[in-house]
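Notes follow once the structure below has been shown.
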Amino acid sequence: MGFLDIANRNHLALGLEQSGSTVVSYADVQLVTGVSNGYDVAKLEYRIAAMNWRDQFRKPQGFLGSIAGWIMANRPSNRARNRWTINLLQLKPTDHVLEIGCGPGVALYQAGLQTPKGQVTGLDHSDIMVKQAQRRNPGTTIIKGDLASIKGQLFDKIFSINVIQFVPDFSLFYRQIAQLLRKDGIVVTTYQPRHQHAKRQNAIDTGQKIASVMENIGFASITQLELALQPIPAITVIGCKSP
Ligand SMILES: C[S@@+](CC[C@H](N)C(=O)[O-])C[C@H]1O[C@@H](n2cnc3c(N)ncnc32)[C@H](O)[C@@H]1O
C-alpha cells in the first residue's frame with residue numbers, strides 16, 4: 001500500500017483510460033483535504049491499495065468506480081458498441097426491454113428513446129452504476145442486483161454489453177434469460193475484449209462459446225456478427241427464444 005498525491009482528477013482519468021482494463025495496482029481511493037504549496041486549496045491525497053483495475057469494470061465501487069462509469073459512458077468504443085447493439089435489437093415502440101449490467105445507463109437511454117409506449121429496465125449489481133444510470137434515466141426502473149433479482153416480469157428483448165466476460169456460468173446465465181423472455185423474445189449479447197493483450201480471436205472464441213451454450217438451451221435463429229472497432233473488434237450473438 002502506498003500514497004499518491006493527485007491534484008488533477010482529469011489526469012487520473014486519462015491515465016486509467018490509457019491502461020484500459022489491464023492490471024493497474026490502484027484502488028480504494030481515500031480523499032483527504034488539506035493545504036498544498038502554501039495555497040488555500042484542497043490537497044487531494046489518495047491512498048492506493050494494490051488491486052486489479054479490472055474489478056472496477058466488473059463491479060464499480062467508490063471513487064475509482066465512478067471514474068470507471070465515466071469511461072464507460074464516454075469512451076468512443078463503448079459508445080459505438082452501444083449504438084450497434086441497440087440497432088440490432090430492432091426495437092418496437094411497445095417493447096419491454098431489459099439491459100443486464102447497464103453500467104452508467106447510456107444504452108438504456110437510447111433504448112428508452114425507441115420504446116415510448118413500452119418499458120426499459122436496467123439491472124446492475126453496483127450501487128454506483130445504479131446511481132449513475134438513474135441520473136441519466138430519471139423515471140426508468142433500475143434494479144440493483146443480478147438476474148435472480150428479477151421476478152414476475154417478462155421481456156421482449158434482453159441485452160448485455162461487455163458483461164459476459166464476468167459471468168462464471170454461461171449456461172445458467174442463458175437459462176435465466178430464457179425464463180425472463182416472452183415467446184419469440186430476442187437476446188443480444190455484445191462483447192469487446194478489453195483486457196491486456198486482447199486479440200480478435202478472444203472475441204470470436206467467446207462468441208462461439210455463447211452460441212454453443214444458447215443452442216444447447218434451445219434458442220433458435222442464432223446469429224454471430226462482428227463490429228470493426230479499435231483496438232479490438234466486438235462480437236455480437238443474437239438468438240430467439242423458441243416457441
Ligand atoms: C464493463 S461494464 C459495461 C457497462 C455497459 N454495459 C457498457 O458497455 O458500457 C460491466 C457492467 O456490468 C455490471 N455487472 C457485471 N456482472 C453483473 C451481474 N452478474 N449482474 C449485474 N450486473 C453486472 C457491472 O457492475 C458493470 O456496471
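Residue numbering restarts at 1 in every chain; chains get A, B, ... in the order shown in the C-alpha cells, and ligands count up from 1 in that same order.
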
Set out as CSV a contact list for chain A and ligand 1 with a cut-off of 7 Å, giving each residue of chain A that qualifies its closest atom pair and distance in Å to one decimal, counting only C-alpha atoms and all ligand atoms, ordered by chain and rising residue number.
```
residue,atom,partner,partner_atom_place_in_ligand_line,distance
A:Phe57,CA,ligand 1,1 (C),4.4
A:Arg58,CA,ligand 1,24 (C),4.7
A:Lys59,CA,ligand 1,25 (O),3.8
A:Pro60,CA,ligand 1,25 (O),5.6
A:Met72,CA,ligand 1,9 (O),4.3
A:Ala73,CA,ligand 1,9 (O),6.0
A:Asn78,CA,ligand 1,9 (O),5.4
A:Asn82,CA,ligand 1,8 (O),6.5
A:Ile100,CA,ligand 1,21 (C),5.8
A:Gly101,CA,ligand 1,12 (O),3.4
A:Cys102,CA,ligand 1,6 (N),4.6
A:Gly103,CA,ligand 1,27 (O),3.5
A:Pro104,CA,ligand 1,4 (C),6.7
A:Leu123,CA,ligand 1,21 (C),5.7
A:Asp124,CA,ligand 1,22 (N),3.6
A:His125,CA,ligand 1,21 (C),4.3
A:Ser126,CA,ligand 1,25 (O),4.6
A:Met129,CA,ligand 1,27 (O),5.6
A:Gly145,CA,ligand 1,21 (C),5.6
A:Asp146,CA,ligand 1,20 (N),3.7
A:Leu147,CA,ligand 1,20 (N),6.2
A:Ser160,CA,ligand 1,6 (N),6.1
A:Ile161,CA,ligand 1,6 (N),4.3
A:Asn162,CA,ligand 1,3 (C),4.9
A:Val163,CA,ligand 1,10 (C),4.8
A:Phe166,CA,ligand 1,16 (N),5.5
A:Val167,CA,ligand 1,19 (N),6.1
```

Using C-alpha atoms, can you export the residues from the last selection as a compact mmCIF listing (two decimals), in the first residue's frame?
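Writing the result to again05.txt gives the following:
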```
# COMPACT_ATOMS: atom_id res chain seq x y z
CA PHE A 57 -15.40 -2.75 -14.58
CA ARG A 58 -16.75 -5.96 -13.07
CA LYS A 59 -18.33 -4.16 -10.11
CA PRO A 60 -17.52 -0.43 -9.89
CA MET A 72 -17.93 3.51 -19.89
CA ALA A 73 -20.15 6.48 -20.74
CA ASN A 78 -18.17 1.86 -25.70
CA ASN A 82 -23.86 0.58 -27.55
CA ILE A 100 -28.17 -6.64 -17.89
CA GLY A 101 -25.16 -4.75 -16.49
CA CYS A 102 -26.40 -1.35 -17.66
CA GLY A 103 -23.40 0.48 -16.12
CA PRO A 104 -23.93 4.25 -16.37
CA LEU A 123 -30.05 -4.15 -14.00
CA ASP A 124 -26.66 -3.73 -12.35
CA HIS A 125 -25.10 -5.15 -9.20
CA SER A 126 -23.05 -2.00 -8.48
CA MET A 129 -23.67 2.28 -11.51
CA GLY A 145 -28.75 -6.99 -8.32
CA ASP A 146 -28.28 -9.81 -10.78
CA LEU A 147 -30.67 -11.84 -12.93
CA SER A 160 -25.97 -7.04 -22.40
CA ILE A 161 -22.82 -5.26 -23.49
CA ASN A 162 -19.44 -6.29 -22.06
CA VAL A 163 -20.89 -8.18 -19.15
CA PHE A 166 -17.69 -11.55 -15.88
CA VAL A 167 -20.25 -14.36 -15.99
```

May I have a table of the residues of segment 152-234 of chain A lying at most 12 Å from segment 89-94 of chain A, giving each one's closest pair of atoms and their distance in Å to one decimal, counting only C-alpha atoms, ordered by chain and ascending residue number, as a tab-separated table?
```
residue	atom	partner	partner_atom	distance
A:Phe155	CA	A:Thr94	CA	10.9
A:Asp156	CA	A:Leu91	CA	9.1
A:Lys157	CA	A:Leu89	CA	7.1
A:Ile158	CA	A:Leu89	CA	8.6
A:Phe159	CA	A:Leu89	CA	8.1
A:Ser160	CA	A:Leu89	CA	11.0
A:Gly185	CA	A:Leu89	CA	10.4
A:Ile186	CA	A:Leu89	CA	7.6
A:Val187	CA	A:Leu89	CA	8.2
A:Val188	CA	A:Leu89	CA	7.0
A:Thr189	CA	A:Leu89	CA	10.2
A:Thr190	CA	A:Leu89	CA	11.3
```

Expected file: the selected residues, N, CA and C atoms, as a PDB file, in the first residue's frame:
```pdb
ATOM      1  N   PHE A 155     -39.910 -10.068 -20.729  1.00  0.00           N
ATOM      2  CA  PHE A 155     -39.397  -9.026 -21.624  1.00  0.00           C
ATOM      3  C   PHE A 155     -39.438  -9.517 -23.079  1.00  0.00           C
ATOM      4  N   ASP A 156     -39.544  -8.543 -23.993  1.00  0.00           N
ATOM      5  CA  ASP A 156     -39.477  -8.856 -25.425  1.00  0.00           C
ATOM      6  C   ASP A 156     -38.020  -8.950 -25.881  1.00  0.00           C
ATOM      7  N   LYS A 157     -37.180  -8.112 -25.286  1.00  0.00           N
ATOM      8  CA  LYS A 157     -35.780  -8.055 -25.696  1.00  0.00           C
ATOM      9  C   LYS A 157     -34.913  -7.959 -24.436  1.00  0.00           C
ATOM     10  N   ILE A 158     -33.848  -8.735 -24.402  1.00  0.00           N
ATOM     11  CA  ILE A 158     -32.883  -8.653 -23.294  1.00  0.00           C
ATOM     12  C   ILE A 158     -31.498  -8.511 -23.922  1.00  0.00           C
ATOM     13  N   PHE A 159     -30.729  -7.565 -23.429  1.00  0.00           N
ATOM     14  CA  PHE A 159     -29.386  -7.405 -23.994  1.00  0.00           C
ATOM     15  C   PHE A 159     -28.352  -7.126 -22.922  1.00  0.00           C
ATOM     16  N   SER A 160     -27.092  -7.394 -23.285  1.00  0.00           N
ATOM     17  CA  SER A 160     -25.972  -7.036 -22.401  1.00  0.00           C
ATOM     18  C   SER A 160     -24.785  -6.652 -23.271  1.00  0.00           C
ATOM     19  N   GLY A 185     -39.102 -13.931 -27.914  1.00  0.00           N
ATOM     20  CA  GLY A 185     -38.253 -12.837 -27.429  1.00  0.00           C
ATOM     21  C   GLY A 185     -36.817 -12.997 -27.931  1.00  0.00           C
ATOM     22  N   ILE A 186     -36.091 -11.885 -27.939  1.00  0.00           N
ATOM     23  CA  ILE A 186     -34.738 -11.857 -28.516  1.00  0.00           C
ATOM     24  C   ILE A 186     -33.716 -11.547 -27.422  1.00  0.00           C
ATOM     25  N   VAL A 187     -32.590 -12.251 -27.469  1.00  0.00           N
ATOM     26  CA  VAL A 187     -31.469 -11.896 -26.589  1.00  0.00           C
ATOM     27  C   VAL A 187     -30.281 -11.496 -27.466  1.00  0.00           C
ATOM     28  N   VAL A 188     -29.652 -10.397 -27.103  1.00  0.00           N
ATOM     29  CA  VAL A 188     -28.492  -9.886 -27.849  1.00  0.00           C
ATOM     30  C   VAL A 188     -27.344  -9.689 -26.861  1.00  0.00           C
ATOM     31  N   THR A 189     -26.214 -10.306 -27.170  1.00  0.00           N
ATOM     32  CA  THR A 189     -25.029 -10.214 -26.297  1.00  0.00           C
ATOM     33  C   THR A 189     -23.873  -9.647 -27.098  1.00  0.00           C
ATOM     34  N   THR A 190     -23.311  -8.555 -26.643  1.00  0.00           N
ATOM     35  CA  THR A 190     -22.145  -7.968 -27.319  1.00  0.00           C
ATOM     36  C   THR A 190     -20.943  -8.044 -26.390  1.00  0.00           C
TER      37      THR A 190
END
```

> Near segment 227-232 of chain A, within 12 Å and counting only C-alpha atoms, which residues show up once chain neighbours fewer than 6 positions away are dropped, as a list of chain:residue names?
Replying inline: A:Gln18, A:Gly20, A:Arg75, A:Pro76, A:Ser77, A:Asn78, A:Arg79, A:Ala80, A:Arg81, A:Asn82, A:Arg83, A:Trp84, A:Thr85, A:Leu88, A:Thr190, A:Tyr191, A:Gln192, A:Pro193, A:Arg194, A:His195, A:Gln196, A:His197, A:Ala198, A:Lys199, A:Arg200, A:Gln201, A:Asn202, A:Ala203, A:Ile204

Report as a short mmCIF file (atom, residue, chain, number, x, y, z; two decimals) with N, CA and C atoms, in the first residue's frame all protein, DNA and RNA residues lying within 9 Å of Gln61 of chain A, evaluated on only C-alpha atoms, omitting residues in the same chain fewer than 5 positions from it.
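The file below, around-v6.cif, is the result:
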```
data_model
loop_
_atom_site.label_atom_id
_atom_site.label_comp_id
_atom_site.auth_asym_id
_atom_site.auth_seq_id
_atom_site.Cartn_x
_atom_site.Cartn_y
_atom_site.Cartn_z
N ASP A 28 -9.21 1.68 -4.05
CA ASP A 28 -9.50 2.10 -2.70
C ASP A 28 -9.00 3.51 -2.43
N ASP A 55 -11.43 -5.12 -11.76
CA ASP A 55 -12.54 -5.25 -10.84
C ASP A 55 -13.47 -4.05 -10.88
N GLN A 56 -12.92 -2.88 -11.26
CA GLN A 56 -13.75 -1.68 -11.32
C GLN A 56 -14.70 -1.72 -12.51
N SER A 66 -16.56 5.37 -9.87
CA SER A 66 -17.24 6.45 -10.59
C SER A 66 -16.42 6.86 -11.82
N ALA A 68 -14.61 4.70 -13.53
CA ALA A 68 -14.90 3.60 -14.47
C ALA A 68 -16.23 3.89 -15.18
N SER A 126 -23.88 -3.02 -9.13
CA SER A 126 -23.05 -2.00 -8.48
C SER A 126 -23.91 -0.80 -8.06
N ASP A 127 -23.81 -0.43 -6.78
CA ASP A 127 -24.55 0.74 -6.27
C ASP A 127 -24.27 1.98 -7.10
N ILE A 128 -22.98 2.18 -7.37
CA ILE A 128 -22.58 3.42 -8.03
C ILE A 128 -23.09 3.46 -9.47
N MET A 129 -23.14 2.31 -10.15
CA MET A 129 -23.67 2.28 -11.51
C MET A 129 -25.19 2.48 -11.51
#
```

Using DSSP secondary structure from the backbone, list all helix (DSSP H, G or I) positions within segment 76-227 of chain A, as a CSV table (one decimal) with N, CA and C atoms, in the first residue's frame.
```
chain,number,residue,atom,x,y,z
A,76,PRO,N,-15.1,6.2,-26.9
A,76,PRO,CA,-15.7,6.0,-28.2
A,76,PRO,C,-16.1,4.6,-28.5
A,77,SER,N,-15.3,3.6,-28.1
A,77,SER,CA,-15.6,2.2,-28.5
A,77,SER,C,-16.8,1.8,-27.7
A,78,ASN,N,-17.0,2.2,-26.5
A,78,ASN,CA,-18.2,1.9,-25.7
A,78,ASN,C,-19.4,2.4,-26.4
A,79,ARG,N,-19.3,3.7,-26.8
A,79,ARG,CA,-20.5,4.4,-27.4
A,79,ARG,C,-20.9,3.7,-28.7
A,80,ALA,N,-19.8,3.3,-29.5
A,80,ALA,CA,-20.1,2.7,-30.8
A,80,ALA,C,-20.7,1.3,-30.6
A,81,ARG,N,-20.3,0.5,-29.6
A,81,ARG,CA,-20.9,-0.8,-29.5
A,81,ARG,C,-22.3,-0.7,-28.8
A,82,ASN,N,-22.5,0.4,-28.1
A,82,ASN,CA,-23.9,0.6,-27.6
A,82,ASN,C,-24.8,0.8,-28.7
A,83,ARG,N,-24.5,1.7,-29.6
A,83,ARG,CA,-25.3,2.1,-30.7
A,83,ARG,C,-25.6,0.9,-31.6
A,84,TRP,N,-24.5,0.1,-31.9
A,84,TRP,CA,-24.6,-1.1,-32.7
A,84,TRP,C,-25.6,-2.1,-32.1
A,85,THR,N,-25.4,-2.3,-30.8
A,85,THR,CA,-26.3,-3.3,-30.1
A,85,THR,C,-27.7,-2.9,-30.1
A,86,ILE,N,-28.0,-1.6,-29.9
A,86,ILE,CA,-29.4,-1.1,-29.8
A,86,ILE,C,-30.0,-1.2,-31.2
A,87,ASN,N,-29.2,-1.0,-32.3
A,87,ASN,CA,-29.8,-1.1,-33.6
A,87,ASN,C,-30.1,-2.6,-33.9
A,88,LEU,N,-29.3,-3.5,-33.4
A,88,LEU,CA,-29.6,-4.9,-33.7
A,88,LEU,C,-30.8,-5.4,-33.0
A,89,LEU,N,-31.2,-4.7,-31.9
A,89,LEU,CA,-32.4,-5.1,-31.2
A,89,LEU,C,-33.7,-4.9,-32.0
A,106,VAL,N,-26.1,4.4,-20.6
A,106,VAL,CA,-26.1,5.1,-21.9
A,106,VAL,C,-26.9,4.3,-22.9
A,107,ALA,N,-26.7,3.0,-23.0
A,107,ALA,CA,-27.5,2.2,-23.9
A,107,ALA,C,-29.0,2.2,-23.5
A,108,LEU,N,-29.2,2.2,-22.2
A,108,LEU,CA,-30.6,2.2,-21.7
A,108,LEU,C,-31.3,3.5,-22.1
A,109,TYR,N,-30.6,4.6,-22.1
A,109,TYR,CA,-31.2,5.8,-22.6
A,109,TYR,C,-31.6,5.7,-24.0
A,110,GLN,N,-30.7,5.2,-24.9
A,110,GLN,CA,-31.1,5.0,-26.3
A,110,GLN,C,-32.3,4.1,-26.5
A,111,ALA,N,-32.3,3.0,-25.7
A,111,ALA,CA,-33.4,2.1,-25.8
A,111,ALA,C,-34.7,2.8,-25.4
A,112,GLY,N,-34.7,3.6,-24.4
A,112,GLY,CA,-35.9,4.3,-23.9
A,112,GLY,C,-36.4,5.2,-25.0
A,113,LEU,N,-35.5,5.9,-25.8
A,113,LEU,CA,-36.0,6.8,-26.8
A,113,LEU,C,-36.8,6.0,-27.9
A,114,GLN,N,-36.4,4.7,-28.1
A,114,GLN,CA,-37.1,4.0,-29.1
A,114,GLN,C,-38.3,3.2,-28.7
A,127,ASP,N,-23.8,-0.4,-6.8
A,127,ASP,CA,-24.6,0.7,-6.3
A,127,ASP,C,-24.3,2.0,-7.1
A,128,ILE,N,-23.0,2.2,-7.4
A,128,ILE,CA,-22.6,3.4,-8.0
A,128,ILE,C,-23.1,3.5,-9.5
A,129,MET,N,-23.1,2.3,-10.1
A,129,MET,CA,-23.7,2.3,-11.5
A,129,MET,C,-25.2,2.5,-11.5
A,130,VAL,N,-25.9,1.9,-10.5
A,130,VAL,CA,-27.3,2.1,-10.4
A,130,VAL,C,-27.6,3.6,-10.3
A,131,LYS,N,-26.8,4.3,-9.4
A,131,LYS,CA,-26.9,5.8,-9.2
A,131,LYS,C,-26.7,6.5,-10.6
A,132,GLN,N,-25.6,6.2,-11.2
A,132,GLN,CA,-25.3,6.9,-12.5
A,132,GLN,C,-26.4,6.6,-13.5
A,133,ALA,N,-26.8,5.4,-13.6
A,133,ALA,CA,-27.8,5.1,-14.6
A,133,ALA,C,-29.2,5.8,-14.3
A,134,GLN,N,-29.5,5.8,-13.0
A,134,GLN,CA,-30.7,6.5,-12.6
A,134,GLN,C,-30.7,8.0,-12.9
A,135,ARG,N,-29.5,8.6,-12.7
A,135,ARG,CA,-29.3,10.0,-13.0
A,135,ARG,C,-29.5,10.3,-14.5
A,136,ARG,N,-29.0,9.4,-15.3
A,136,ARG,CA,-29.1,9.5,-16.8
A,136,ARG,C,-30.5,9.2,-17.3
A,147,LEU,N,-29.5,-11.3,-12.3
A,147,LEU,CA,-30.7,-11.8,-12.9
A,147,LEU,C,-31.7,-12.5,-12.0
A,148,ALA,N,-31.1,-13.1,-10.9
A,148,ALA,CA,-32.0,-13.7,-9.9
A,148,ALA,C,-32.9,-12.7,-9.2
A,149,SER,N,-32.5,-11.4,-9.3
A,149,SER,CA,-33.3,-10.4,-8.6
A,149,SER,C,-34.6,-10.0,-9.3
A,164,ILE,N,-20.6,-10.3,-20.3
A,164,ILE,CA,-20.5,-11.8,-20.4
A,164,ILE,C,-19.1,-12.2,-19.9
A,165,GLN,N,-18.1,-11.4,-20.0
A,165,GLN,CA,-16.7,-11.8,-19.6
A,165,GLN,C,-16.7,-11.9,-18.0
A,166,PHE,N,-17.7,-11.4,-17.3
A,166,PHE,CA,-17.7,-11.6,-15.9
A,166,PHE,C,-18.6,-12.7,-15.4
A,170,PHE,N,-22.0,-19.6,-18.1
A,170,PHE,CA,-22.8,-19.1,-19.3
A,170,PHE,C,-24.2,-19.9,-19.4
A,171,SER,N,-24.1,-21.2,-19.0
A,171,SER,CA,-25.3,-22.0,-19.2
A,171,SER,C,-26.4,-21.5,-18.2
A,172,LEU,N,-26.1,-21.2,-17.0
A,172,LEU,CA,-27.0,-20.7,-16.0
A,172,LEU,C,-27.5,-19.3,-16.5
A,173,PHE,N,-26.6,-18.5,-17.0
A,173,PHE,CA,-26.9,-17.1,-17.4
A,173,PHE,C,-28.0,-17.2,-18.5
A,174,TYR,N,-27.8,-18.0,-19.5
A,174,TYR,CA,-28.8,-18.0,-20.7
A,174,TYR,C,-30.1,-18.8,-20.3
A,175,ARG,N,-30.0,-19.7,-19.3
A,175,ARG,CA,-31.2,-20.3,-18.9
A,175,ARG,C,-32.1,-19.3,-18.1
A,176,GLN,N,-31.4,-18.5,-17.3
A,176,GLN,CA,-32.1,-17.4,-16.6
A,176,GLN,C,-32.8,-16.4,-17.6
A,177,ILE,N,-32.0,-16.1,-18.6
A,177,ILE,CA,-32.5,-15.2,-19.6
A,177,ILE,C,-33.8,-15.8,-20.3
A,178,ALA,N,-33.6,-17.1,-20.7
A,178,ALA,CA,-34.8,-17.7,-21.3
A,178,ALA,C,-36.0,-17.7,-20.5
A,179,GLN,N,-35.9,-17.8,-19.2
A,179,GLN,CA,-37.1,-17.7,-18.3
A,179,GLN,C,-37.7,-16.3,-18.3
A,180,LEU,N,-36.9,-15.3,-18.6
A,180,LEU,CA,-37.4,-13.9,-18.5
A,180,LEU,C,-37.9,-13.4,-19.8
A,200,ARG,N,-8.5,-10.3,-31.5
A,200,ARG,CA,-9.8,-10.6,-32.2
A,200,ARG,C,-10.2,-12.0,-31.9
A,201,GLN,N,-9.3,-12.9,-31.9
A,201,GLN,CA,-9.6,-14.3,-31.6
A,201,GLN,C,-10.4,-14.5,-30.3
A,202,ASN,N,-10.0,-13.7,-29.3
A,202,ASN,CA,-10.7,-13.8,-28.0
A,202,ASN,C,-12.2,-13.5,-28.2
A,203,ALA,N,-12.5,-12.5,-29.0
A,203,ALA,CA,-13.9,-12.2,-29.2
A,203,ALA,C,-14.6,-13.3,-30.0
A,204,ILE,N,-13.9,-13.8,-31.0
A,204,ILE,CA,-14.5,-14.9,-31.8
A,204,ILE,C,-14.8,-16.2,-30.9
A,205,ASP,N,-13.8,-16.5,-30.1
A,205,ASP,CA,-13.9,-17.7,-29.3
A,205,ASP,C,-15.1,-17.5,-28.3
A,206,THR,N,-15.2,-16.3,-27.7
A,206,THR,CA,-16.3,-16.1,-26.8
A,206,THR,C,-17.6,-16.2,-27.5
A,207,GLY,N,-17.7,-15.6,-28.7
A,207,GLY,CA,-18.9,-15.7,-29.5
A,207,GLY,C,-19.3,-17.1,-29.7
A,208,GLN,N,-18.4,-17.9,-30.1
A,208,GLN,CA,-18.7,-19.3,-30.4
A,208,GLN,C,-19.2,-20.1,-29.1
A,209,LYS,N,-18.5,-19.7,-28.0
A,209,LYS,CA,-18.9,-20.4,-26.8
A,209,LYS,C,-20.4,-20.0,-26.4
A,210,ILE,N,-20.7,-18.7,-26.6
A,210,ILE,CA,-22.1,-18.2,-26.3
A,210,ILE,C,-23.1,-18.9,-27.2
A,211,ALA,N,-22.7,-19.0,-28.5
A,211,ALA,CA,-23.6,-19.6,-29.5
A,211,ALA,C,-23.9,-21.1,-29.1
A,212,SER,N,-22.8,-21.7,-28.8
A,212,SER,CA,-23.0,-23.2,-28.5
A,212,SER,C,-23.9,-23.4,-27.2
A,213,VAL,N,-23.6,-22.6,-26.2
A,213,VAL,CA,-24.4,-22.7,-25.0
A,213,VAL,C,-25.9,-22.4,-25.3
A,214,MET,N,-26.1,-21.3,-26.1
A,214,MET,CA,-27.5,-21.0,-26.4
A,214,MET,C,-28.2,-22.1,-27.2
A,215,GLU,N,-27.5,-22.7,-28.1
A,215,GLU,CA,-28.0,-23.8,-28.9
A,215,GLU,C,-28.4,-24.9,-28.0
A,216,ASN,N,-27.6,-25.3,-27.1
A,216,ASN,CA,-27.9,-26.4,-26.2
A,216,ASN,C,-29.1,-26.1,-25.4
A,217,ILE,N,-29.3,-24.8,-25.0
A,217,ILE,CA,-30.5,-24.5,-24.2
A,217,ILE,C,-31.8,-24.5,-25.0
```

> If you run DSSP on this backbone, which residues of segment 13-240 of chain A come out as strand (DSSP E or B), and could you give them as an MDAnalysis selection string?
Replying inline: chainID A and resid 36 39 45:48 96:100 119:124 141:144 155:161 181:191 220:227 234:240
